[in-house]
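Trainee: I have a structure I would like to understand better, so I am pasting it below and will then ask my questions one at a time.
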Amino acid sequence: MSQYDVLCIGNAIVDIIAQCEETFLAENGIIKGAMNLIDTDRAELLYSRMGPAIEASGGSAGNTAAGIASFGGRAAFFGKVSSDALGEIYAHDIRAQGVAFDTRPLGGTPPTARSMIFVTPDGERSMNTYLGACVELGPEDVEPEKASGAKVTYFEGYLWDPSRAKEAIRQTAALAHGAGREVSMTLSDSFCVDRYRDEFLDLMRSGTVDIVFANSHEIKSLYQTASFDEALAAIRKDCRIAAVTRSEKGSVIVRGDETQIIEATKIRELVDTTGAGDLYAAGFLYGYTTGRSLKDCGDLGSLAAGLVIQQIGPRPRQNLRQEAEQAGLI
């Protein structure tokens with residue numbers, strides 16, 4: 001009997017979210033739609049220029065863990081915070097969502113990570129992330145019982161930036177596979193893919209990763225092609241299951257010769273795309289670990305993504321299980 005449905009591993013980041021105009025991005029040299037890594041000085045400068053902001057616990061895999069718990073799934077999380085105010089906020093929030101989070105915090109420095117997210121009127125988010133304590137996640141933070149006791153381990157590609165986190169992920173993957181479990185990852189960001197293309201492909205081709213989540217930009221970056229169909233044909237051969245999101249076009253899920261085309265959930269208003277891919281993964285993995293078909297997994301992913309983009313912030317405010325029941329998906 002598995003202890004958890006999904007173990008998520010990721011950067012424990014507090015999101016500081018503010019709305020802004022397109023001109024603000026240009027004036028401050030912010031790459032629209034990307035995740036830009038920044039240092040302490042840049043973090044302080046951008047924070048001083050932000051308008052009114054909302055603070056919310058985020059981080060890609062943490063958002064996914066919160067989403068799985070909202071569906072009623074059993075989720076655990078590995079991620080590093082510091083013993084400071086933001087670290088306490090992060091730990092409180094993720095535990096309050098129902099996620100098991102027991103990673104030991106750092107004693108003091110560097111401080112807990114934060115990401116300043118600027119949301120333009122079209123709902124696109126541009127992230128400026130100071131990783132802080134995140135980079136200190138290492139093999140000593142791997143909890144073997146959780147690593148071998150979760151049906152699926154899920155980690156974010158962003159974690160490939162700090163080297164010790166790679167060791168932690170490889171160690172967790174070995175424990176998971178040793179217990180007959182599965183491992184999944186999200187490619188996270190097309191710039192992240194550019195930095196680690198060969199390593200990501202090796203993770204898939206070596207069987208370290210069984211299930212891959214990506215969006216259309218990331219998968220085309222992975223295979224260095226402008227053709228979505230070419231990239232999809234390539235990833236079909238490289239991993240067991242791939243789920244590729246396409247914004248308003250929905251998503252495509254492939255497994256061997258099987259292809260599932262999933263429609264996007266109809267929305268009233270696009271407010272903020274932060275967390276859309278994270279919540280899609282949450283819905284998919286909840287469905288997958290509870291034995292549902294790939295079509296149902298994709299529909300649950302679409303539902304969760306569609307709900308989170310109609311609010312500010314990356315964590316679901318609605319009870320996703322109730323929403324799925326109302327939509328006839330559970």
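All residue names refer to the structure tokens as shown: chains lettered A, B, ... in order, residues numbered from 1 in each chain, ligands numbered from 1 in order.
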Which of segment 201-241 of chain A end up as helix (DSSP H, G or I) when DSSP is run on this backbone - answer as a VMD selection string?
Mentor: chain A and resid 201 to 205 216 to 222 228 to 238
Trainee: What's the 9 Å shell around Phe77 of chain A, counting only C-alpha atoms, without same-chain residues fewer than 2 positions away, as a ChimeraX atom specification?
Mentor: /A:6-10,61-62,65,75,79,94,99-103
Trainee: If you run DSSP on the backbone, which residues of segment 44-225 of chain A are strand (DSSP E or B), as a ChimeraX atom specification?
Mentor: /A:54-58,75-78,82,100-101,106,113-119,125-130,150-156,182-186,211-215
Trainee: Considering only C-alpha atoms, return as a VMD selection string whatever protein or nucleic-acid residues lie within 12 Å of Ala69 of chain A, sequence-local ones (same chain, fewer than 3 positions apart) excluded.
Mentor: chain A and resid 4 to 8 62 to 66 72 to 77 94 to 100 279 282 to 283 285 to 286 315 to 316 318 to 321
Trainee: May I ask which of the residues A:Glu143, A:Gly250, A:Thr273, A:Phe71 is the closest one to Glu323 of chain A, counting only C-alpha atoms?
Mentor: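 Going through A:Glu143, A:Gly250, A:Thr273, A:Phe71 one by one, the smallest distance to Glu323 of chain A is for A:Phe71.
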Trainee: Which residue, A:Gly29, A:Phe118, A:Ser70, A:Ser251, has the smallest gap to Ala324 of chain A when you use only C-alpha atoms?
Mentor: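 For Ala324 of chain A, the nearest of the given residues is A:Ser70.
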Trainee: Give me the residues near Ser82 of chain A as a PDB file with all heavy atoms, in the first residue's frame, where near means some atom within 6 Å (using only C-alpha atoms) and where sequence neighbours in that chain fewer than 6 positions away do not count.
Mentor:
```
ATOM      1  N   PRO A 105      14.289  23.270   7.659  1.00  0.00           N
ATOM      2  CA  PRO A 105      14.662  24.597   7.148  1.00  0.00           C
ATOM      3  C   PRO A 105      16.127  24.923   7.437  1.00  0.00           C
ATOM      4  O   PRO A 105      16.736  24.362   8.352  1.00  0.00           O
ATOM      5  CB  PRO A 105      13.733  25.546   7.900  1.00  0.00           C
ATOM      6  CG  PRO A 105      13.386  24.833   9.166  1.00  0.00           C
ATOM      7  CD  PRO A 105      13.381  23.375   8.825  1.00  0.00           C
ATOM      8  N   LEU A 106      16.674  25.851   6.642  1.00  0.00           N
ATOM      9  CA  LEU A 106      18.028  26.345   6.901  1.00  0.00           C
ATOM     10  C   LEU A 106      18.037  27.195   8.168  1.00  0.00           C
ATOM     11  O   LEU A 106      17.024  27.793   8.532  1.00  0.00           O
ATOM     12  CB  LEU A 106      18.493  27.222   5.731  1.00  0.00           C
ATOM     13  CG  LEU A 106      18.927  26.530   4.441  1.00  0.00           C
ATOM     14  CD1 LEU A 106      19.259  27.581   3.406  1.00  0.00           C
ATOM     15  CD2 LEU A 106      20.117  25.622   4.690  1.00  0.00           C
ATOM     16  N   GLY A 108      19.551  30.108   8.704  1.00  0.00           N
ATOM     17  CA  GLY A 108      19.452  31.569   8.568  1.00  0.00           C
ATOM     18  C   GLY A 108      19.623  32.063   7.151  1.00  0.00           C
ATOM     19  O   GLY A 108      18.689  32.537   6.531  1.00  0.00           O
ATOM     20  N   PRO A 111      18.247  33.653   2.611  1.00  0.00           N
ATOM     21  CA  PRO A 111      16.840  33.707   3.000  1.00  0.00           C
ATOM     22  C   PRO A 111      15.948  32.877   2.068  1.00  0.00           C
ATOM     23  O   PRO A 111      16.385  32.421   1.013  1.00  0.00           O
ATOM     24  CB  PRO A 111      16.509  35.196   2.894  1.00  0.00           C
ATOM     25  CG  PRO A 111      17.470  35.730   1.888  1.00  0.00           C
ATOM     26  CD  PRO A 111      18.729  34.937   2.068  1.00  0.00           C
ATOM     27  N   THR A 112      14.721  32.689   2.487  1.00  0.00           N
ATOM     28  CA  THR A 112      13.730  31.958   1.678  1.00  0.00           C
ATOM     29  C   THR A 112      13.568  32.618   0.303  1.00  0.00           C
ATOM     30  O   THR A 112      13.580  33.849   0.182  1.00  0.00           O
ATOM     31  CB  THR A 112      12.385  31.927   2.425  1.00  0.00           C
ATOM     32  OG1 THR A 112      12.570  31.189   3.641  1.00  0.00           O
ATOM     33  CG2 THR A 112      11.298  31.269   1.592  1.00  0.00           C
ATOM     34  N   ALA A 133      17.288  30.223  -0.453  1.00  0.00           N
ATOM     35  CA  ALA A 133      17.465  28.943   0.235  1.00  0.00           C
ATOM     36  C   ALA A 133      17.226  27.734  -0.663  1.00  0.00           C
ATOM     37  O   ALA A 133      17.710  26.633  -0.366  1.00  0.00           O
ATOM     38  CB  ALA A 133      16.524  28.884   1.444  1.00  0.00           C
TER      39      ALA A 133
END
```
